[in-house]
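Have a look at the structure below before the remarks.
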Protein chains: 2
Amino acid sequence: MPMMPVTDSMFLLVETREHPMHVGGLQLFRKPEGAGPDYLSTLRHDLLENSNVRSIFRRRPAKPVNTLGHVAWSDDSELDLDYHFRHSALPQPGRIRELLELTSRWHSTLLDRHRPLWEIHLVEGLQDGRFAMYSKIHHALLDGVSALRHLQNTLSEDPDARDCPPPWGSRAPQRARPARNPRSLFSTAGSSLSQLAGLAPAAARVANEAVREQRLTLPLQAPKTMLNVPIGGARRFAAQSWPLERVRAIATASGASRNDVVLAMCSGALRDYLIEQRALPDAPLIAMVPVSLRGKSDAREASGNNIGALLCNLGTDQSDPAARLAVIQRSMRDGKRIFKELTPLQTLLLSGVNVAALGASPIPGFVGHTPPPFNVVISNVPGPRKQMYWNGAQLDGVYPASVLLDGQALNITLTSNGDNLDFGITGCRRSVPHLQRILTHLDTALSELEAATK
Amino acid sequence: MPMMPVTDSMFLLVETREHPMHVGGLQLFRKPEGAGPDYLSTLRHDLLENSNVRSIFRRRPAKPVNTLGHVAWSDDSELDLDYHFRHSALPQPGRIRELLELTSRWHSTLLDRHRPLWEIHLVEGLQDGRFAMYSKIHHALLDGVSALRHLQNTLSEDPDARDCPPPWGSRAPQRARPARNPRSLFSTAGSSLSQLAGLAPAAARVANEAVREQRLTLPLQAPKTMLNVPIGGARRFAAQSWPLERVRAIATASGASRNDVVLAMCSGALRDYLIEQRALPDAPLIAMVPVSLRGKSDAREASGNNIGALLCNLGTDQSDPAARLAVIQRSMRDGKRIFKELTPLQTLLLSGVNVAALGASPIPGFVGHTPPPFNVVISNVPGPRKQMYWNGAQLDGVYPASVLLDGQALNITLTSNGDNLDFGITGCRRSVPHLQRILTHLDTALSELEAATK
């Protein structure tokens, strides 16, 4: 599902304190053999020497204030890498739980618009000896999929390679592969006002029609749930990996696609979570599932508006896992597309029906009283197929942290990584209590699907 | 210098991403005898049990959005202490340098307006075995002096006392001392609009007159310096203690007041710093020094508008430390008051000449082209005279982190603490490079004053 680069600064304009517009990624690494106690600070200092900074990591808003009409970029001539690339540590006992708590905190704060819009934390103190890296970049520079791709491009399949660039750097030009030319993943600076003129009103109009005037008939009717409420600025983030093989086996046994099985995992987990919260609606939850509208041949070409969205009936009203999988399989096969050829911005705007943030008059009680177009976004992003390394450190996991909008307090984004599927779950801290329990429920749902399809 | 409680929400209205309006404090503690490896997490969990939360720590803006006319408070009925009271850790090697780096980062981010406006970090990982606590609270709830007082009130002079409340709690009512009734330190909710009507335009008018129409003749003329520029949102924070006895000895030998000696320390440090930056102006720097306008008898009564400001010639054009001290002594004795009976808000607004943030039309190039009314704020806040303890942990230091405004990129605030003077230096990360060197320069300046007055 290659997404096009974001070619305008709308993400800066719609950002508010309650709706941070950055994407994040948490990577888990195993230290190379023989790494000493100074490994991480040495690594950081070595990487800080790398002054080959991609232009995108030098770019900052020319006018940091949130004013329509001031959306040009300027180059930061005094880039302070020490500010952007930070050394952090976990408190005792240094479990994944402490790591996720810290990641949640980082994912909740706004980036400083007086500087290039990114931060990267190198994290020590995991009790199992591994280290982590949390990366945060503004959606105006890179969308989530491109950010994941970019991180991936700094890695190597060779455990002995020691020439991997830092996250803000790039490989030497001669090593760039045409099919994944990193330049094409990035946004180009541009006079956003003309793009705004075409883009934003269109998105706002569609959203307005869909919700205010009810003219857009949605192919599926989503119930009101606790996940479809106005959100606050704080986030919770949870992450876990499952073996791809387990999902593949269920797919083979049931005749469903791997993505169907993943959706069924999420469906079972959401059902269990909502039952626990005494908030399961009678009607089935509807997921918005972003899909690529291109053929497989050009799927890796990360340019052009080639994103659409399917609405998927998650069958959460069914208690039987096999029945839920069957509902999902049927729903995805029916292909109830709601949006065709969306830009990432439109996908995002429509997913939140975030009209108010665009400057249209806010409608009091809006989110609370109108039925949501769907209940949750579930996004499946292809990742590396092989085991990857970063200067000898083995990549154990890469977990996407997403943007939330009013009315959509939960986002599940997963990516394949070698032999695993890595799930990143981003929630509004206020609206989605005990978010981490969804991990347990995902695990249960996977086991139930295995039992049901054996 | 008791400051009155802030009785309105102006601080919420003038806050922007580049001008966070929270005050901070960094406390350093020695663990009690026999503290084990779990000491800090046990302490945190015990304190989290304390549900006796002061009303001020439950208060959040009723409308989190920055809209004039929506400045009422509401009570957070689902206070999530776990979010506000955080367990953090320093990366290796866990020096004070790493602690200050982390504090700088925390002091740079905005508080979440969907929650009560405070955060407290309990920090482990100092190589010398001590622990730290960084507290951050919005200026709309407590001004810096009141926040320091409040922290102080949770401490005890008794090393064996184990009933000290957490920072959000309070001692049992019967233990409250009338002269320091904590209620009087806090802002009261109120219809801010009427207060705004009287307050904000007045402050804006004074600032306007002072700078735009040049009608207010300042008693001293401040030069333009690198410290008087528009600021960004990121901060640097540095902190260090010096023995009060050293300052006292210089005061006795020279016939100056202790505050004069402190100002002379700052003067020497600023001179050295600006020379190092090749930015020392020919004319002497002018400091704004907040002073209490009350007599000693009611100095501890923390209510009423009793703050004024003196302008002090720091004599930075003089290379001789004794000559600088003499200039400062004379300047403070002359008592060139610029502002009388200011509210903390007015002090703050005028100190930044921050007209634009109030909604008056911004003047392009304003800060850059107009001479500043003064160059730096130096504030000396009385603290505890005895050695204090917090549930057996000895308080080694308490360092104030302040608010910055456009045109005032550096703030020095110090407080007495037992036998020490604890300096907290807050600077704009972009405008004040190598802020920590000011600590070295302060140390040099103190030694030079000792040598000059022997």
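Within each chain, counting starts at residue 1; across the structure tokens, chains are named A, B, ... in the order shown, with ligands numbered 1 upward in that order.
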**Study point:** Spatial neighbours of Leu446 of chain A, max dist 9 Å, only C-alpha atoms, sep filter under 6 positions, as a list in words
**Key:** Arg246, Val247, Ile250, Val261, Val262, Ala264, Met265, Cys266, Gly268 and Ala269 of chain A
Could I get the residues of chain B with an atom no further than 10 Å from an atom of chain A, each paired with its nearest atom pair and that distance in Å to one decimal, using only C-alpha atoms, sorted by chain and residue number, as JSON lines?
```
{"residue": "B:Thr16", "atom": "CA", "partner": "A:Val65", "partner_atom": "CA", "distance": 8.9}
{"residue": "B:Arg17", "atom": "CA", "partner": "A:Asp112", "partner_atom": "CA", "distance": 7.6}
{"residue": "B:Glu18", "atom": "CA", "partner": "A:Asp112", "partner_atom": "CA", "distance": 7.9}
{"residue": "B:Pro37", "atom": "CA", "partner": "A:Gln92", "partner_atom": "CA", "distance": 8.7}
{"residue": "B:Asp38", "atom": "CA", "partner": "A:Gln92", "partner_atom": "CA", "distance": 8.0}
{"residue": "B:Leu40", "atom": "CA", "partner": "A:Gln92", "partner_atom": "CA", "distance": 9.0}
{"residue": "B:Ser41", "atom": "CA", "partner": "A:Gln92", "partner_atom": "CA", "distance": 7.8}
{"residue": "B:Pro64", "atom": "CA", "partner": "A:Glu18", "partner_atom": "CA", "distance": 8.6}
{"residue": "B:Val65", "atom": "CA", "partner": "A:Arg17", "partner_atom": "CA", "distance": 8.3}
{"residue": "B:Asn66", "atom": "CA", "partner": "A:Arg17", "partner_atom": "CA", "distance": 9.7}
{"residue": "B:Glu78", "atom": "CA", "partner": "A:Arg430", "partner_atom": "CA", "distance": 9.1}
{"residue": "B:Asp80", "atom": "CA", "partner": "A:Arg430", "partner_atom": "CA", "distance": 9.0}
{"residue": "B:Tyr83", "atom": "CA", "partner": "A:Arg105", "partner_atom": "CA", "distance": 8.9}
{"residue": "B:Arg86", "atom": "CA", "partner": "A:Leu102", "partner_atom": "CA", "distance": 9.4}
{"residue": "B:His87", "atom": "CA", "partner": "A:Pro91", "partner_atom": "CA", "distance": 6.5}
{"residue": "B:Ser88", "atom": "CA", "partner": "A:Pro91", "partner_atom": "CA", "distance": 5.3}
{"residue": "B:Ala89", "atom": "CA", "partner": "A:Pro91", "partner_atom": "CA", "distance": 4.7}
{"residue": "B:Leu90", "atom": "CA", "partner": "A:Ala89", "partner_atom": "CA", "distance": 5.5}
{"residue": "B:Pro91", "atom": "CA", "partner": "A:Ala89", "partner_atom": "CA", "distance": 4.7}
{"residue": "B:Gln92", "atom": "CA", "partner": "A:Ser41", "partner_atom": "CA", "distance": 7.8}
{"residue": "B:Pro93", "atom": "CA", "partner": "A:Asp38", "partner_atom": "CA", "distance": 8.9}
{"residue": "B:Gly94", "atom": "CA", "partner": "A:Ala89", "partner_atom": "CA", "distance": 9.9}
{"residue": "B:Glu98", "atom": "CA", "partner": "A:His87", "partner_atom": "CA", "distance": 9.0}
{"residue": "B:Glu101", "atom": "CA", "partner": "A:Arg86", "partner_atom": "CA", "distance": 9.5}
{"residue": "B:Leu102", "atom": "CA", "partner": "A:Ser88", "partner_atom": "CA", "distance": 8.3}
{"residue": "B:Arg105", "atom": "CA", "partner": "A:Tyr83", "partner_atom": "CA", "distance": 8.9}
{"residue": "B:Ser108", "atom": "CA", "partner": "A:Asp112", "partner_atom": "CA", "distance": 8.7}
{"residue": "B:Thr109", "atom": "CA", "partner": "A:Thr109", "partner_atom": "CA", "distance": 6.6}
{"residue": "B:Leu110", "atom": "CA", "partner": "A:Thr109", "partner_atom": "CA", "distance": 7.3}
{"residue": "B:Leu111", "atom": "CA", "partner": "A:Thr109", "partner_atom": "CA", "distance": 8.5}
{"residue": "B:Asp112", "atom": "CA", "partner": "A:Gly233", "partner_atom": "CA", "distance": 6.2}
{"residue": "B:Arg113", "atom": "CA", "partner": "A:Gly233", "partner_atom": "CA", "distance": 7.9}
{"residue": "B:His114", "atom": "CA", "partner": "A:Gly232", "partner_atom": "CA", "distance": 5.8}
{"residue": "B:Arg115", "atom": "CA", "partner": "A:Gly232", "partner_atom": "CA", "distance": 8.6}
{"residue": "B:Leu122", "atom": "CA", "partner": "A:Pro91", "partner_atom": "CA", "distance": 9.7}
{"residue": "B:Val123", "atom": "CA", "partner": "A:Pro91", "partner_atom": "CA", "distance": 8.0}
{"residue": "B:Glu124", "atom": "CA", "partner": "A:Pro91", "partner_atom": "CA", "distance": 6.7}
{"residue": "B:Gly125", "atom": "CA", "partner": "A:Pro91", "partner_atom": "CA", "distance": 7.8}
{"residue": "B:Ile231", "atom": "CA", "partner": "A:His114", "partner_atom": "CA", "distance": 9.2}
{"residue": "B:Gly232", "atom": "CA", "partner": "A:His114", "partner_atom": "CA", "distance": 5.9}
{"residue": "B:Gly233", "atom": "CA", "partner": "A:Asp112", "partner_atom": "CA", "distance": 6.3}
{"residue": "B:Ala234", "atom": "CA", "partner": "A:Asp112", "partner_atom": "CA", "distance": 7.0}
{"residue": "B:Arg429", "atom": "CA", "partner": "A:Tyr83", "partner_atom": "CA", "distance": 9.2}
{"residue": "B:Arg430", "atom": "CA", "partner": "A:His114", "partner_atom": "CA", "distance": 8.9}
```
Test item: residues at most 6 Å from Gly169 of chain B, only C-alpha atoms, excluding those fewer than 6 positions along its chain, as a short mmCIF file (atom, residue, chain, number, x, y, z; two decimals) with N, CA and C atoms, in the first residue's frame:
```cif
data_model
loop_
_atom_site.label_atom_id
_atom_site.label_comp_id
_atom_site.auth_asym_id
_atom_site.auth_seq_id
_atom_site.Cartn_x
_atom_site.Cartn_y
_atom_site.Cartn_z
N ASN B 52 -5.84 12.36 48.45
CA ASN B 52 -6.16 13.69 48.99
C ASN B 52 -5.56 14.74 48.05
N VAL B 53 -6.26 14.98 46.95
CA VAL B 53 -5.72 15.86 45.91
C VAL B 53 -6.27 17.28 46.11
N ARG B 54 -5.37 18.23 46.23
CA ARG B 54 -5.77 19.64 46.31
C ARG B 54 -6.61 20.01 45.11
#
```
Check your understanding: Which neighbours of Ala401 of chain A fall inside 10 Å, counting only C-alpha atoms, when residues of the same chain fewer than 2 positions from it are skipped, and could you give them as a ChimeraX atom specification?
Key -> /A:22-26,103-104,107,134-136,144,235-239,398-399,403-404,411-414,423-427
Would you put the residues from that selection into a file with N, CA, C and O atoms, as a compact mmCIF listing (two decimals), in the first residue's frame?
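The file below, selection-v4.txt, is the result:
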```txt
# COMPACT_ATOMS: atom_id res chain seq x y z
N HIS A 22 1.69 14.33 13.94
CA HIS A 22 2.91 13.63 13.62
C HIS A 22 2.66 12.12 13.63
O HIS A 22 1.76 11.65 14.31
N VAL A 23 3.47 11.42 12.85
CA VAL A 23 3.43 9.97 12.89
C VAL A 23 4.66 9.48 13.65
O VAL A 23 5.65 10.20 13.78
N GLY A 24 4.57 8.28 14.18
CA GLY A 24 5.67 7.77 14.97
C GLY A 24 5.98 6.32 14.63
O GLY A 24 5.20 5.64 13.97
N GLY A 25 7.14 5.89 15.07
CA GLY A 25 7.51 4.49 14.89
C GLY A 25 8.43 4.07 16.02
O GLY A 25 9.31 4.83 16.42
N LEU A 26 8.16 2.90 16.55
CA LEU A 26 9.01 2.37 17.62
C LEU A 26 9.75 1.16 17.09
O LEU A 26 9.12 0.20 16.64
N THR A 103 6.93 5.88 25.31
CA THR A 103 6.54 6.14 23.93
C THR A 103 5.21 6.88 23.87
O THR A 103 5.04 7.83 23.10
N SER A 104 4.28 6.49 24.72
CA SER A 104 2.97 7.17 24.78
C SER A 104 3.16 8.64 25.07
O SER A 104 2.53 9.51 24.47
N HIS A 107 4.67 10.48 22.14
CA HIS A 107 3.74 10.59 21.01
C HIS A 107 2.66 11.63 21.29
O HIS A 107 1.92 12.01 20.40
N TYR A 134 12.58 5.44 19.15
CA TYR A 134 11.28 6.01 18.81
C TYR A 134 11.50 7.21 17.89
O TYR A 134 12.26 8.12 18.23
N SER A 135 10.86 7.19 16.73
CA SER A 135 11.01 8.27 15.76
C SER A 135 9.67 8.97 15.60
O SER A 135 8.63 8.33 15.57
N LYS A 136 9.73 10.27 15.48
CA LYS A 136 8.52 11.06 15.39
C LYS A 136 8.75 12.09 14.30
O LYS A 136 9.75 12.80 14.33
N GLY A 144 2.77 8.29 7.35
CA GLY A 144 3.22 7.17 8.15
C GLY A 144 3.88 6.07 7.35
O GLY A 144 4.91 5.52 7.73
N ARG A 235 -1.94 10.55 24.44
CA ARG A 235 -2.03 9.28 23.73
C ARG A 235 -1.59 8.12 24.61
O ARG A 235 -0.77 8.29 25.51
N ARG A 236 -2.13 6.94 24.31
CA ARG A 236 -1.54 5.70 24.80
C ARG A 236 -1.11 4.90 23.59
O ARG A 236 -1.78 4.89 22.56
N PHE A 237 0.02 4.22 23.75
CA PHE A 237 0.54 3.43 22.64
C PHE A 237 0.87 2.03 23.16
O PHE A 237 1.46 1.89 24.22
N ALA A 238 0.44 1.01 22.44
CA ALA A 238 0.78 -0.36 22.80
C ALA A 238 1.27 -1.09 21.56
O ALA A 238 0.92 -0.70 20.44
N ALA A 239 2.12 -2.07 21.74
CA ALA A 239 2.73 -2.72 20.59
C ALA A 239 3.10 -4.16 20.92
O ALA A 239 3.47 -4.46 22.06
N VAL A 398 9.13 -3.38 14.56
CA VAL A 398 8.90 -1.99 14.16
C VAL A 398 7.40 -1.74 14.23
O VAL A 398 6.61 -2.38 13.55
N TYR A 399 7.02 -0.81 15.12
CA TYR A 399 5.62 -0.64 15.48
C TYR A 399 5.17 0.78 15.15
O TYR A 399 5.70 1.74 15.70
N VAL A 403 -1.73 8.90 13.80
CA VAL A 403 -2.44 10.15 14.09
C VAL A 403 -3.89 9.80 14.44
O VAL A 403 -4.49 8.94 13.82
N LEU A 404 -4.45 10.46 15.43
CA LEU A 404 -5.87 10.29 15.75
C LEU A 404 -6.62 11.58 15.44
O LEU A 404 -6.03 12.66 15.43
N ASN A 411 -6.62 3.67 16.68
CA ASN A 411 -6.08 3.31 15.37
C ASN A 411 -5.21 2.08 15.54
O ASN A 411 -4.38 2.01 16.45
N ILE A 412 -5.43 1.09 14.69
CA ILE A 412 -4.57 -0.10 14.70
C ILE A 412 -3.81 -0.13 13.38
O ILE A 412 -4.43 -0.17 12.32
N THR A 413 -2.50 -0.03 13.45
CA THR A 413 -1.69 -0.14 12.23
C THR A 413 -0.66 -1.23 12.45
O THR A 413 0.01 -1.27 13.48
N LEU A 414 -0.59 -2.14 11.47
CA LEU A 414 0.38 -3.21 11.61
C LEU A 414 1.26 -3.26 10.39
O LEU A 414 0.91 -2.73 9.33
N PHE A 423 2.25 -5.12 15.47
CA PHE A 423 1.06 -4.28 15.66
C PHE A 423 1.41 -3.05 16.50
O PHE A 423 1.99 -3.17 17.57
N GLY A 424 1.00 -1.88 16.03
CA GLY A 424 1.06 -0.66 16.83
C GLY A 424 -0.35 -0.13 17.05
O GLY A 424 -1.10 0.06 16.10
N ILE A 425 -0.71 0.07 18.31
CA ILE A 425 -2.06 0.52 18.63
C ILE A 425 -1.97 1.88 19.28
O ILE A 425 -1.32 2.04 20.31
N THR A 426 -2.60 2.88 18.65
CA THR A 426 -2.57 4.24 19.17
C THR A 426 -3.97 4.62 19.64
O THR A 426 -4.93 4.44 18.89
N GLY A 427 -4.09 5.11 20.84
CA GLY A 427 -5.40 5.49 21.36
C GLY A 427 -5.37 6.82 22.08
O GLY A 427 -4.32 7.27 22.54
```
Exercise for review: Find, counting only C-alpha atoms, the residue in A:Ser257, A:Leu155, A:Asp75, A:Leu142 that gets nearest to Gln387 of chain A.
Suggested key: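 Nearest candidate to Gln387 of chain A out of A:Ser257, A:Leu155, A:Asp75, A:Leu142: A:Leu155.
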Practice item. Find the residues near Phe85 of chain A: any atom within 6 Å, counting only C-alpha atoms, skip ones fewer than 2 places away on the same chain, and give them as a ChimeraX atom specification. Key: /A:81-83,120-121
Point to revise | Computed interatomic separation between atom CA of Val289 of chain B and atom CA of Cys312 of chain B (Å) | key: 6.9 Å
Study note, to complete from the structure: In terms of only C-alpha atoms, the residue from A:Asn375, A:Thr154, A:Ser416, A:Thr453 at minimal distance from Pro223 of chain A is A:Asn375
Check your understanding: Can you tell me, as a VMD selection string, what residues are no more than 12 Å from Ala445 of chain A when counting only C-alpha atoms, ignoring any on the same chain fewer than 3 positions away?
Key -> chain A and resid 242 246 to 247 250 261 to 273 316 319 to 322 324 to 325 438 to 442 448 to 452
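When atom CA of Met21 of chain A is paired with atom CA of Gln408 of chain A, their separation reads 13.9 Å.
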Extract, using only C-alpha atoms, all DNA, RNA and protein residues at most 9 Å from Arg130 of chain B, discarding same-chain residues fewer than 3 positions from it, and format them as a JSON list (two decimals) with N, CA, C and O atoms, in the first residue's frame.
```json
[["chain", "number", "residue", "atom", "x", "y", "z"],
["B", 28, "LEU", "N", 16.47, 18.15, 44.04],
["B", 28, "LEU", "CA", 17.44, 17.07, 44.14],
["B", 28, "LEU", "C", 17.38, 16.51, 45.56],
["B", 28, "LEU", "O", 17.45, 17.26, 46.53],
["B", 29, "PHE", "N", 17.26, 15.21, 45.67],
["B", 29, "PHE", "CA", 17.15, 14.58, 46.99],
["B", 29, "PHE", "C", 18.21, 13.50, 47.19],
["B", 29, "PHE", "O", 18.62, 12.82, 46.25],
["B", 30, "ARG", "N", 18.61, 13.32, 48.45],
["B", 30, "ARG", "CA", 19.41, 12.18, 48.87],
["B", 30, "ARG", "C", 18.47, 11.12, 49.40],
["B", 30, "ARG", "O", 17.62, 11.43, 50.24],
["B", 31, "LYS", "N", 18.62, 9.88, 48.95],
["B", 31, "LYS", "CA", 17.77, 8.81, 49.46],
["B", 31, "LYS", "C", 18.01, 8.60, 50.95],
["B", 31, "LYS", "O", 19.14, 8.79, 51.42],
["B", 124, "GLU", "N", 15.07, 8.68, 38.35],
["B", 124, "GLU", "CA", 16.14, 7.83, 38.88],
["B", 124, "GLU", "C", 17.30, 7.79, 37.90],
["B", 124, "GLU", "O", 17.23, 8.34, 36.81],
["B", 125, "GLY", "N", 18.40, 7.15, 38.34],
["B", 125, "GLY", "CA", 19.52, 6.96, 37.44],
["B", 125, "GLY", "C", 20.65, 7.96, 37.60],
["B", 125, "GLY", "O", 21.57, 7.98, 36.78],
["B", 126, "LEU", "N", 20.62, 8.81, 38.63],
["B", 126, "LEU", "CA", 21.77, 9.68, 38.90],
["B", 126, "LEU", "C", 22.92, 8.83, 39.41],
["B", 126, "LEU", "O", 22.75, 7.99, 40.30],
["B", 127, "GLN", "N", 24.11, 9.07, 38.86],
["B", 127, "GLN", "CA", 25.24, 8.19, 39.20],
["B", 127, "GLN", "C", 25.64, 8.27, 40.66],
["B", 127, "GLN", "O", 26.20, 7.34, 41.21]]
```
